[in-house]
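Printed here is upload.cif (mmCIF, C-alpha atoms):
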data_upload
#
loop_
_atom_site.label_atom_id
_atom_site.label_comp_id
_atom_site.auth_asym_id
_atom_site.auth_seq_id
_atom_site.Cartn_x
_atom_site.Cartn_y
_atom_site.Cartn_z
CA MET I 1 -18.67 -3.74 1.24
CA GLU I 2 -20.17 -6.28 3.62
CA GLY I 3 -17.81 -9.11 4.51
CA ALA I 4 -14.76 -7.53 2.86
CA LEU I 5 -12.86 -6.79 6.10
CA THR I 6 -11.10 -9.96 7.27
CA HIS I 7 -8.36 -8.83 9.67
CA THR I 8 -7.64 -5.83 11.90
CA VAL I 9 -4.62 -5.34 14.14
CA ASP I 10 -3.49 -2.40 16.25
CA VAL I 11 0.17 -1.78 15.41
CA GLY I 12 0.66 0.47 18.42
CA SER I 13 1.51 3.68 16.60
CA ILE I 14 0.71 5.54 13.39
CA PRO I 15 1.86 3.26 10.53
CA THR I 16 3.85 4.76 7.67
CA ASP I 17 4.19 1.97 5.09
CA VAL I 18 2.83 -1.50 4.38
CA VAL I 19 3.93 -4.34 2.06
CA PHE I 20 3.05 -7.96 1.37
CA HIS I 21 5.55 -10.80 1.11
CA PRO I 22 6.36 -11.26 -2.61
CA SER I 23 5.29 -14.92 -2.61
CA ASN I 24 1.58 -15.55 -3.04
CA GLU I 25 2.02 -18.74 -1.02
CA GLU I 26 3.07 -16.78 2.06
CA ARG I 27 0.43 -15.01 4.14
CA ILE I 28 2.81 -12.40 5.51
CA VAL I 29 2.38 -8.63 5.73
CA ALA I 30 4.72 -6.01 7.20
CA CYS I 31 4.42 -2.39 8.24
CA GLY I 32 6.66 0.35 9.63
CA THR I 33 5.51 2.93 12.16
CA ILE I 34 6.24 6.50 13.10
CA ASP I 35 7.77 5.45 16.43
CA GLY I 36 10.45 3.40 14.68
CA SER I 37 9.04 -0.10 14.95
CA LEU I 38 9.01 -2.72 12.22
CA GLN I 39 6.11 -5.16 12.52
CA VAL I 40 5.87 -8.36 10.48
CA TYR I 41 2.76 -10.55 10.82
CA ARG I 42 1.55 -13.88 9.56
CA TYR I 43 -2.22 -13.92 9.11
CA GLY I 44 -4.50 -16.93 9.04
CA ASP I 45 -7.83 -17.93 7.57
CA GLU I 46 -9.88 -17.02 10.61
CA LYS I 47 -11.00 -13.44 11.16
CA ASP I 48 -8.42 -11.26 12.93
CA SER I 49 -5.97 -14.18 13.27
CA PHE I 50 -2.53 -12.57 13.41
CA SER I 51 0.76 -13.91 14.75
CA SER I 52 3.81 -11.69 15.12
CA LEU I 53 6.93 -12.84 13.26
CA VAL I 54 9.10 -9.76 13.85
CA SER I 55 8.70 -6.78 16.16
CA THR I 56 11.71 -4.49 16.33
CA SER I 57 12.26 -0.86 17.22
CA LEU I 58 15.13 1.49 16.50
CA ARG I 59 15.56 4.31 18.98
CA SER I 60 18.41 6.82 18.80
CA SER I 61 18.99 9.21 21.67
CA GLU I 62 21.80 10.92 19.77
CA ALA I 63 19.72 11.85 16.72
CA SER I 64 18.90 15.54 16.57
CA LYS I 65 15.51 16.73 15.42
CA ASP I 66 16.95 19.56 13.39
CA ARG I 67 18.17 17.03 10.82
CA CYS I 68 14.70 15.93 9.90
CA SER I 69 11.28 17.53 9.99
CA VAL I 70 9.54 14.41 11.36
CA ASP I 71 9.97 12.06 14.27
CA VAL I 72 13.67 11.18 14.23
CA ASP I 73 13.03 7.51 14.98
CA SER I 74 10.32 6.81 12.41
CA CYS I 75 10.48 3.83 10.07
CA ARG I 76 9.20 5.50 6.94
CA GLY I 77 9.64 3.03 4.08
CA ILE I 78 9.90 -0.77 3.89
CA ALA I 79 10.37 -3.38 1.16
CA PHE I 80 10.89 -7.14 1.03
CA ALA I 81 14.05 -8.24 -0.79
CA GLN I 82 15.94 -11.42 -1.72
CA GLY I 83 12.74 -13.30 -2.46
CA GLY I 84 11.18 -12.26 0.82
CA ASP I 85 13.95 -13.62 3.08
CA VAL I 86 14.83 -10.14 4.31
CA ILE I 87 13.06 -6.84 4.70
CA CYS I 88 14.68 -3.45 4.12
CA ALA I 89 13.57 -0.57 6.32
CA ALA I 90 14.45 3.11 6.03
CA TYR I 91 14.82 5.06 9.27
CA SER I 92 14.82 8.81 9.68
CA ALA I 93 17.21 8.85 12.66
CA ASP I 94 20.33 8.69 10.47
CA HIS I 95 18.71 8.62 7.00
CA GLY I 96 19.84 5.01 6.93
CA ILE I 97 18.70 1.58 5.78
CA ARG I 98 18.54 -1.55 7.96
CA VAL I 99 18.19 -5.04 6.49
CA THR I 100 16.36 -7.46 8.78
CA ASP I 101 16.57 -11.23 8.40
CA LEU I 102 13.14 -12.83 8.85
CA GLY I 103 14.58 -16.29 9.37
CA SER I 104 16.46 -15.23 12.49
CA GLY I 105 13.42 -13.61 14.05
CA GLY I 106 14.35 -10.04 13.25
CA LYS I 107 18.12 -9.81 13.43
CA ILE I 108 19.60 -6.80 11.62
CA ILE I 109 22.19 -8.22 9.24
CA ARG I 110 23.17 -5.12 7.30
CA THR I 111 23.21 -1.39 8.01
CA ILE I 112 23.74 1.47 5.57
CA SER I 113 24.07 4.62 7.66
CA HIS I 114 23.55 8.02 6.04
CA ALA I 115 22.31 6.39 2.85
CA HIS I 116 20.74 9.73 1.85
CA ASP I 117 21.39 13.34 2.73
CA SER I 118 17.76 13.70 3.83
CA CYS I 119 15.08 11.40 5.24
CA ILE I 120 14.14 8.46 3.04
CA HIS I 121 10.45 8.58 2.21
CA ARG I 122 9.85 5.54 -0.02
CA CYS I 123 11.41 2.13 -0.74
CA LEU I 124 10.77 -0.31 -3.59
CA SER I 125 12.52 -3.60 -4.31
CA VAL I 126 12.66 -4.68 -7.98
CA ASP I 127 14.76 -7.48 -9.50
CA GLY I 128 17.35 -7.53 -6.73
CA MET I 129 17.67 -3.75 -6.60
CA LEU I 130 16.38 -1.53 -3.82
CA TRP I 131 15.17 1.90 -4.94
CA THR I 132 14.90 4.63 -2.31
CA GLY I 133 13.49 8.15 -2.62
CA ASP I 134 14.03 10.92 -0.08
CA ASP I 135 12.51 14.20 1.08
CA GLU I 136 14.57 16.30 -1.34
CA GLY I 137 13.64 14.40 -4.51
CA CYS I 138 16.76 12.23 -4.75
CA VAL I 139 16.41 8.59 -5.87
CA LYS I 140 19.14 6.04 -5.20
CA VAL I 141 19.64 2.43 -6.28
CA TRP I 142 21.19 -0.27 -4.09
CA ASP I 143 22.28 -3.76 -5.14
CA MET I 144 20.95 -5.93 -2.33
CA ARG I 145 22.84 -8.96 -3.67
CA ALA I 146 26.19 -7.30 -2.97
CA GLY I 147 27.67 -5.93 0.21
CA GLY I 148 28.98 -2.48 0.92
CA ASP I 149 27.30 0.82 1.60
CA LYS I 150 27.64 2.55 -1.77
CA ALA I 151 24.70 3.15 -4.04
CA VAL I 152 24.80 1.80 -7.58
CA ALA I 153 23.32 5.06 -8.86
CA SER I 154 22.07 8.38 -7.55
CA LEU I 155 19.52 10.44 -9.48
CA GLU I 156 17.75 13.74 -8.86
CA PRO I 157 14.46 13.51 -10.79
CA HIS I 158 12.51 15.75 -8.40
CA THR I 159 12.88 18.90 -6.31
CA ASP I 160 10.58 17.81 -3.47
CA TYR I 161 9.86 14.60 -1.56
CA VAL I 162 9.40 11.36 -3.49
CA SER I 163 5.87 10.28 -2.55
CA ASP I 164 5.50 6.99 -4.45
CA MET I 165 7.23 4.63 -6.89
CA VAL I 166 6.06 1.80 -9.15
CA ALA I 167 7.91 -0.43 -11.62
CA HIS I 168 6.61 -1.40 -15.05
CA ASP I 169 8.71 -3.44 -17.51
CA ASP I 170 12.13 -1.75 -17.67
CA ALA I 171 10.87 1.54 -16.26
CA LEU I 172 10.49 2.97 -12.78
CA LEU I 173 7.88 5.67 -12.34
CA THR I 174 8.22 8.17 -9.49
CA VAL I 175 5.90 10.95 -8.33
CA SER I 176 6.68 13.81 -6.04
CA GLY I 177 5.43 16.66 -3.92
CA ASP I 178 6.71 18.97 -6.63
CA GLY I 179 3.81 17.79 -8.80
CA THR I 180 5.89 15.94 -11.39
CA LEU I 181 5.91 12.41 -12.77
CA CYS I 182 9.25 10.91 -13.86
CA MET I 183 10.12 7.85 -15.89
CA ILE I 184 13.49 6.25 -15.09
CA ASP I 185 15.17 3.63 -17.28
CA ARG I 186 16.01 0.79 -14.89
CA ASN I 187 18.59 -0.69 -17.27
CA VAL I 188 20.89 2.34 -17.39
CA PHE I 189 19.66 4.24 -14.30
CA LYS I 190 18.78 7.40 -16.19
CA VAL I 191 15.83 9.78 -16.05
CA ARG I 192 14.25 9.52 -19.50
CA HIS I 193 11.14 11.69 -19.12
CA ARG I 194 9.69 14.21 -16.69
CA SER I 195 6.34 15.97 -16.72
CA GLU I 196 6.05 19.74 -16.83
CA ASP I 197 6.99 21.78 -13.77
CA ASP I 198 3.92 24.02 -13.77
CA ALA I 199 1.72 21.55 -11.85
CA ASP I 200 -0.18 23.22 -9.00
CA ASP I 201 -1.00 19.95 -7.22
CA GLU I 202 1.22 17.50 -5.36
CA LEU I 203 1.30 13.94 -6.69
CA LEU I 204 0.94 11.41 -3.87
CA SER I 205 0.39 7.99 -5.45
CA VAL I 206 0.86 6.22 -8.79
CA CYS I 207 -0.10 3.00 -10.58
CA VAL I 208 -0.01 1.60 -14.14
CA ILE I 209 -3.02 0.07 -15.94
CA ARG I 210 -4.30 -0.76 -19.45
CA GLN I 211 -1.31 -3.02 -20.25
CA GLY I 212 1.05 -0.13 -19.58
CA ARG I 213 -0.77 2.39 -21.75
CA LYS I 214 -2.10 4.51 -18.86
CA VAL I 215 -0.49 5.91 -15.71
CA VAL I 216 -2.81 7.13 -12.93
CA CYS I 217 -1.61 9.57 -10.25
CA GLY I 218 -3.41 10.59 -7.06
CA THR I 219 -3.19 14.22 -5.94
CA THR I 220 -3.67 16.36 -2.83
CA SER I 221 -6.82 17.91 -4.33
CA GLY I 222 -8.47 14.51 -4.82
CA VAL I 223 -8.24 14.58 -8.63
CA LEU I 224 -6.76 11.59 -10.46
CA ASN I 225 -4.36 12.67 -13.20
CA ILE I 226 -4.28 10.14 -16.05
CA TYR I 227 -1.22 10.10 -18.33
CA SER I 228 -0.79 8.25 -21.61
CA TRP I 229 2.44 6.26 -21.79
CA GLY I 230 4.94 8.05 -23.98
CA TYR I 231 3.26 11.44 -23.53
CA TRP I 232 4.82 12.63 -20.32
CA ASN I 233 4.57 16.43 -20.48
CA ASP I 234 1.05 16.63 -19.11
CA CYS I 235 -1.86 14.39 -18.22
CA SER I 236 -4.29 13.45 -21.00
CA ASP I 237 -7.31 13.10 -18.70
CA ARG I 238 -8.45 14.11 -15.22
CA PHE I 239 -10.87 12.26 -12.96
CA PRO I 240 -12.20 14.55 -10.18
CA GLY I 241 -14.40 13.47 -7.34
CA HIS I 242 -12.46 12.51 -4.21
CA PRO I 243 -13.26 15.04 -1.46
CA ASP I 244 -9.74 14.70 0.00
CA SER I 245 -6.19 13.73 -0.96
CA VAL I 246 -5.64 10.38 -2.69
CA THR I 247 -2.79 9.14 -0.51
CA GLY I 248 -2.80 5.51 -1.61
CA MET I 249 -3.62 3.74 -4.86
CA VAL I 250 -3.14 0.28 -6.37
CA ALA I 251 -4.11 -1.24 -9.70
CA PHE I 252 -6.66 -4.01 -9.10
CA ASP I 253 -6.83 -5.08 -12.74
CA GLU I 254 -6.18 -3.45 -16.11
CA GLU I 255 -9.26 -1.23 -15.86
CA THR I 256 -9.84 -0.80 -12.13
CA VAL I 257 -7.96 0.99 -9.35
CA LEU I 258 -8.47 1.02 -5.60
CA THR I 259 -7.85 4.35 -3.90
CA GLY I 260 -7.30 5.30 -0.28
CA SER I 261 -8.16 8.85 0.70
CA SER I 262 -7.73 11.24 3.61
CA ASP I 263 -11.46 10.85 4.34
CA GLY I 264 -10.81 7.25 5.39
CA LEU I 265 -12.61 5.51 2.50
CA ILE I 266 -11.25 2.84 0.16
CA ARG I 267 -12.96 3.33 -3.21
CA VAL I 268 -13.24 1.16 -6.30
CA LEU I 269 -12.97 3.11 -9.56
CA SER I 270 -13.07 2.32 -13.25
CA ILE I 271 -10.57 4.24 -15.40
CA GLN I 272 -11.64 5.28 -18.91
CA PRO I 273 -14.54 5.14 -18.72
CA ASN I 274 -14.06 7.08 -15.50
CA LYS I 275 -16.62 5.88 -13.00
CA MET I 276 -16.84 5.48 -9.25
CA LEU I 277 -18.06 1.90 -8.73
CA GLY I 278 -18.35 1.69 -4.96
CA VAL I 279 -16.59 1.53 -1.60
CA LEU I 280 -14.65 -1.50 -0.41
CA GLY I 281 -14.23 -0.35 3.19
CA GLU I 282 -13.17 2.43 5.54
CA HIS I 283 -11.01 3.51 8.46
CA SER I 284 -13.80 5.66 9.94
CA ASP I 285 -12.72 9.31 9.66
CA PHE I 286 -8.99 8.65 9.90
CA ASP I 287 -6.60 9.33 7.02
CA ILE I 288 -5.48 6.32 5.01
CA GLU I 289 -1.70 6.47 4.82
CA ARG I 290 -0.80 3.68 2.38
CA MET I 291 -2.20 0.56 0.69
CA ALA I 292 -0.71 -2.60 -0.78
CA LEU I 293 -2.23 -5.33 -2.94
CA LYS I 294 -1.08 -8.94 -2.71
CA GLY I 295 0.43 -10.35 -5.89
CA ASP I 296 -2.61 -12.50 -6.69
CA ALA I 297 -4.90 -9.45 -6.14
CA MET I 298 -7.00 -11.38 -3.62
CA CYS I 299 -6.09 -9.32 -0.54
CA LEU I 300 -5.63 -5.60 0.09
CA ALA I 301 -3.77 -4.14 3.07
CA SER I 302 -4.46 -0.61 4.29
CA ILE I 303 -2.95 1.42 7.10
CA SER I 304 -4.36 4.51 8.72
CA HIS I 305 -3.78 7.21 11.31
CA ASP I 306 -6.03 5.20 13.64
CA SER I 307 -2.92 2.99 14.22
CA SER I 308 -4.57 0.03 12.54
CA LEU I 309 -3.56 -2.37 9.80
CA LYS I 310 -6.55 -3.85 7.98
CA LEU I 311 -6.79 -6.65 5.44
CA TRP I 312 -9.62 -6.78 2.89
CA ASN I 313 -10.89 -9.67 0.78
CA THR I 314 -10.73 -8.21 -2.73
CA GLY I 315 -11.84 -11.53 -4.16
CA LEU I 316 -15.36 -10.30 -3.46
CA LEU I 317 -14.93 -7.88 -6.36
CA LEU I 318 -14.63 -10.76 -8.80
CA ASP I 319 -17.33 -12.95 -10.30
CA ASP I 320 -17.62 -16.47 -8.94
CA ASP I 321 -16.88 -19.55 -11.03
CA ASP I 322 -20.52 -19.97 -12.05
CA ASP I 323 -20.58 -16.48 -13.52
CA ASP I 324 -17.37 -17.24 -15.42
CA ASP I 325 -18.90 -20.43 -16.81
CA ASP I 326 -21.97 -18.49 -17.93
CA ASP I 327 -19.77 -15.89 -19.64
CA ASN I 328 -17.82 -18.61 -21.46
CA LYS I 329 -21.09 -20.29 -22.54
CA VAL I 330 -22.47 -17.01 -23.88
CA ASP I 331 -19.20 -16.27 -25.68
CA LYS I 332 -19.24 -19.72 -27.32
CA GLU I 333 -22.88 -19.45 -28.40
CA GLU I 334 -22.34 -15.97 -29.85
CA GLU I 335 -19.21 -17.13 -31.64
CA GLU I 336 -21.04 -20.08 -33.20
CA ARG I 337 -23.97 -17.85 -34.21
CA SER I 338 -21.56 -15.31 -35.68
CA ASP I 339 -19.73 -18.00 -37.65
CA SER I 340 -22.99 -19.39 -39.06
CA ASP I 341 -23.98 -15.95 -40.30
CA SER I 342 -20.59 -15.01 -41.71
CA ASP I 343 -20.93 -16.60 -45.18
CA ASP I 344 -22.74 -13.58 -46.65
CA SER I 345 -20.89 -10.90 -44.68
CA ASP I 346 -17.60 -9.06 -45.19
CA ASP I 347 -14.72 -8.97 -42.73
CA GLY I 348 -15.99 -5.82 -41.07
CA ALA I 349 -19.39 -7.31 -40.32
CA ARG I 350 -18.17 -10.78 -39.45
CA GLY I 351 -17.33 -9.89 -35.86
CA LYS I 352 -20.33 -7.67 -35.25
CA GLY I 353 -22.35 -8.73 -32.21
CA LYS I 354 -19.57 -10.97 -30.96
CA ARG I 355 -18.29 -10.21 -27.48
CA THR I 356 -14.54 -10.51 -27.05
CA ALA I 357 -12.82 -12.07 -24.06
CA ASP I 358 -11.60 -8.63 -22.95
CA GLU I 359 -15.16 -7.32 -23.00
CA GLY I 360 -16.25 -10.27 -20.90
CA ARG I 361 -13.55 -9.55 -18.35
CA ARG I 362 -14.41 -5.87 -18.32
CA ASN I 363 -17.78 -6.70 -16.76
CA LYS I 364 -16.32 -8.89 -14.05
CA GLY I 365 -17.16 -7.71 -10.56
CA ALA I 366 -19.63 -5.06 -11.66
CA HIS I 367 -22.52 -6.67 -9.80
CA LYS I 368 -20.34 -7.47 -6.80
CA ILE I 369 -19.62 -3.82 -5.95
CA PRO I 370 -22.30 -1.98 -3.93
CA LYS I 371 -24.33 0.48 -5.93
CA LYS I 372 -23.50 4.12 -5.33
CA GLU I 373 -26.92 4.92 -3.92
CA SER I 374 -26.63 2.09 -1.36
CA GLN I 375 -23.50 3.54 0.21
CA LYS I 376 -23.32 5.69 3.31
CA GLU I 377 -23.73 9.45 2.99
CA PRO I 378 -20.09 10.36 2.09
CA VAL I 379 -20.26 7.97 -0.84
CA SER I 380 -23.56 9.18 -2.21
CA ASN I 381 -22.07 12.67 -2.29
CA PHE I 382 -18.93 11.52 -4.09
CA PHE I 383 -19.55 13.73 -7.10
CA ALA I 384 -21.51 16.42 -5.27
CA ASP I 385 -18.81 19.02 -5.83
CA LEU I 386 -19.12 18.54 -9.56
CA LEU I 387 -22.80 19.38 -9.79
#
Rewritten as C-alpha cells:
Amino acid sequence: MEGALTHTVDVGSIPTDVVFHPSNEERIVACGTIDGSLQVYRYGDEKDSFSSLVSTSLRSSEASKDRCSVDVDSCRGIAFAQGGDVICAAYSADHGIRVTDLGSGGKIIRTISHAHDSCIHRCLSVDGMLWTGDDEGCVKVWDMRAGGDKAVASLEPHTDYVSDMVAHDDALLTVSGDGTLCMIDRNVFKVRHRSEDDADDELLSVCVIRQGRKVVCGTTSGVLNIYSWGYWNDCSDRFPGHPDSVTGMVAFDEETVLTGSSDGLIRVLSIQPNKMLGVLGEHSDFDIERMALKGDAMCLASISHDSSLKLWNTGLLLDDDDDDDDDNKVDKEEEERSDSDSDDSDDGARGKGKRTADEGRRNKGAHKIPKKESQKEPVSNFFADLL
C-alpha cells in the first residue's frame, strides 16, 4: 500500500522477535537478533527517524553448540515487563533469561540461568507474569514482581517447539510445531484444552478475534486454521491461499487479521467471510519472521531475514473522520426513517433496513485497501492454487 511504510532500520543481523512498548504514549520498539543482540529504538514522526535507546549483545565462548540446534548466542524471544520499564530477553546460550533496565541504558539487573532445559523460543508478558515456551513444548511462568530464579509453574502442553502465544481474558493460547493448539487457565496455571494430535501441519502463529469467539492459527502450508472458542478438538473452518508459511499474524480488529508470510508479503485478510483484502507491504523476497501491532493498532512492526525492522502506518486501513461522520449521518437518518415506519410493523420487521453500528464498522477501511487486481503479480495470484 502506497505510503504505508514509515520507518526502516537495519538491525545488523537476522532479527528473531519484535515487540512494542506497552504504553501507546511511548514510541518505542525492540527486537532481538540471531547474533545475540538486543536493540531498543525510539522512533519519531519523520520517515526513518530512529534513535537507539539500548544496544546490547550477549556472547558466550563457553557455550557448546551441541546443547542447542541454533546459534548458541541468539536472542530468541523478548517481552516488555513492569509497565515497560524493563525488557526480558531469552538467550539460547544457557537457555536463560536476562532482564534489562531501560532507564539505566541497558544494564542487566536480573539473570535466570538455565531457566529451561532447552532453548526458549517465545516470551509473553501478561499482568506481571512472564510466560516462556521452549523448543520441547514446555511452558513456564515467572513472577517478574518477585526475585529469585524459580518458576511459578511449569507445564508441558506440547511435544514440539512453542511457536507463538497470545493472551485473552483469563486464558493463554499456545501453538506448536506439533500442530496443536492449547488453552491454559492463567488463574490456576493448568492446561484446560488441547486440540487433536493428528494434525499434519505445524502451527506457527495465533490470534483471537470476534470478541473471543474465533481463534485463527497460521500454518506451514499457508492455510489459516480457524477454531471456535470452546470447541478445541479441531478447527471449524480453513482459509487457504497463502503460497508459503504464515509465520506472523496479528489481529487488526475484530474481523481483520494481518499476516506475514515466508514470501515476504504482509497481507490484510477478512475472517468469516474469508477474503483477501489486499497487501499492506513487503520485505521483497525475504521471509517475514515476526510481526507486532501497537496497542492502539495504528502502527505495525515487521522483521525479516533481510535484517530489517520496518514500521507500517496501519491507520491508512481505517476510514478518515469525514467517512465516520457520513456513516453516523446515514445511521441516524435510517434510524429515524425506521422509527417513522414502525407503527404498523411487528418487532421482527421494525429493524429491517436499519444498519447497526457493528455493520458500519465492518465496512471501515474497505476502500482504503488496494484492490486485488491492482497488486503486483504475487498478489493477483493469491488464490491461483485454488482454481
When the PyMOL selection byres ((chain I and resi 177-183) around 8) is applied to the file above, which residues end up in the set, as a PyMOL selection string? chain I and resi 157-163+171-176+184-185+191-204+232
Check what the PyMOL selection byres ((chain I and resi 274) around 10) selects in the file above and give those residues as a PyMOL selection string. chain I and resi 224+237-240+255-256+269-273+275-277
Given the selection you just returned, output its residues as a file containing C-alpha atoms, formatted as a PDB file, in the frame of the given file.
ATOM      1  CA  LEU I 224      -6.760  11.590 -10.460  1.00  0.00           C
ATOM      2  CA  ASP I 237      -7.310  13.100 -18.700  1.00  0.00           C
ATOM      3  CA  ARG I 238      -8.450  14.110 -15.220  1.00  0.00           C
ATOM      4  CA  PHE I 239     -10.870  12.260 -12.960  1.00  0.00           C
ATOM      5  CA  PRO I 240     -12.200  14.550 -10.180  1.00  0.00           C
ATOM      6  CA  GLU I 255      -9.260  -1.230 -15.860  1.00  0.00           C
ATOM      7  CA  THR I 256      -9.840  -0.800 -12.130  1.00  0.00           C
ATOM      8  CA  LEU I 269     -12.970   3.110  -9.560  1.00  0.00           C
ATOM      9  CA  SER I 270     -13.070   2.320 -13.250  1.00  0.00           C
ATOM     10  CA  ILE I 271     -10.570   4.240 -15.400  1.00  0.00           C
ATOM     11  CA  GLN I 272     -11.640   5.280 -18.910  1.00  0.00           C
ATOM     12  CA  PRO I 273     -14.540   5.140 -18.720  1.00  0.00           C
ATOM     13  CA  LYS I 275     -16.620   5.880 -13.000  1.00  0.00           C
ATOM     14  CA  MET I 276     -16.840   5.480  -9.250  1.00  0.00           C
ATOM     15  CA  LEU I 277     -18.060   1.900  -8.730  1.00  0.00           C
TER      16      LEU I 277
END
For the file shown, what are the residues hit by the PyMOL selection byres ((chain I and resi 235) around 7), laid out as a PyMOL selection string? chain I and resi 225-227+234+236-237
Write out as a compact mmCIF listing (two decimals) with C-alpha atoms, keeping the file's coordinate frame the residues lying within 7 Å of Trp229 (chain I), counting only C-alpha atoms and excluding same-chain residues fewer than 6 positions away.
# COMPACT_ATOMS: atom_id res chain seq x y z
CA GLY I 212 1.05 -0.13 -19.58
CA ARG I 213 -0.77 2.39 -21.75
CA LYS I 214 -2.10 4.51 -18.86
CA VAL I 215 -0.49 5.91 -15.71
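For Val206 (chain I), the residues within 7 Å (counting only C-alpha atoms, excluding itself and residues fewer than 3 positions away along the chain) are Asp164, Met165, Val166, Val175, Val216, Cys217, Gly218 and Met249 of chain I.
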Take the residues that were just selected and, keeping C-alpha atoms, output them as a short mmCIF file (atom, residue, chain, number, x, y, z; two decimals), in the coordinates of the input.
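This is the output file part_34.cif:
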data_model
loop_
_atom_site.label_atom_id
_atom_site.label_comp_id
_atom_site.auth_asym_id
_atom_site.auth_seq_id
_atom_site.Cartn_x
_atom_site.Cartn_y
_atom_site.Cartn_z
CA ASP I 164 5.50 6.99 -4.45
CA MET I 165 7.23 4.63 -6.89
CA VAL I 166 6.06 1.80 -9.15
CA VAL I 175 5.90 10.95 -8.33
CA VAL I 216 -2.81 7.13 -12.93
CA CYS I 217 -1.61 9.57 -10.25
CA GLY I 218 -3.41 10.59 -7.06
CA MET I 249 -3.62 3.74 -4.86
#
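The space separating CA of Arg210 (chain I) from CA of Val250 (chain I) comes to 13.2 Å.
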Region 99-114 of chain I environment, 9 Å, all atoms listed in the file, sequence neighbours closer than 4 positions dropped, as a compact mmCIF listing (two decimals) with C-alpha atoms, keeping the file's coordinate frame:
# COMPACT_ATOMS: atom_id res chain seq x y z
CA VAL I 40 5.87 -8.36 10.48
CA LEU I 53 6.93 -12.84 13.26
CA VAL I 54 9.10 -9.76 13.85
CA SER I 55 8.70 -6.78 16.16
CA THR I 56 11.71 -4.49 16.33
CA ALA I 81 14.05 -8.24 -0.79
CA GLY I 84 11.18 -12.26 0.82
CA ASP I 85 13.95 -13.62 3.08
CA VAL I 86 14.83 -10.14 4.31
CA ILE I 87 13.06 -6.84 4.70
CA CYS I 88 14.68 -3.45 4.12
CA ALA I 89 13.57 -0.57 6.32
CA ALA I 90 14.45 3.11 6.03
CA ASP I 94 20.33 8.69 10.47
CA HIS I 95 18.71 8.62 7.00
CA SER I 118 17.76 13.70 3.83
CA GLY I 147 27.67 -5.93 0.21
CA GLY I 148 28.98 -2.48 0.92
CA ASP I 149 27.30 0.82 1.60
CA LYS I 150 27.64 2.55 -1.77
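The residue that comes closest to Val279 (chain I), out of I:Ala297, I:Val257, I:Val29, I:Val9 and on the basis of only C-alpha atoms, is I:Val257.
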Which protein, DNA or RNA residues have an atom at most 10 Å from (1.8, -13.8, -1.4), counting all atoms listed in the file? List them as a list of chain:residue names. I:Phe20, I:His21, I:Pro22, I:Ser23, I:Asn24, I:Glu25, I:Glu26, I:Arg27, I:Ile28, I:Val29, I:Gly84, I:Leu293, I:Lys294, I:Gly295, I:Asp296, I:Ala297, I:Met298, I:Cys299
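Here CA of Asp117 (chain I) is placed at a distance of 20.9 Å from CA of Asp35 (chain I).
Counting from CA of Asp10 (chain I), the distance to CA of Gly133 (chain I) is 27.5 Å.
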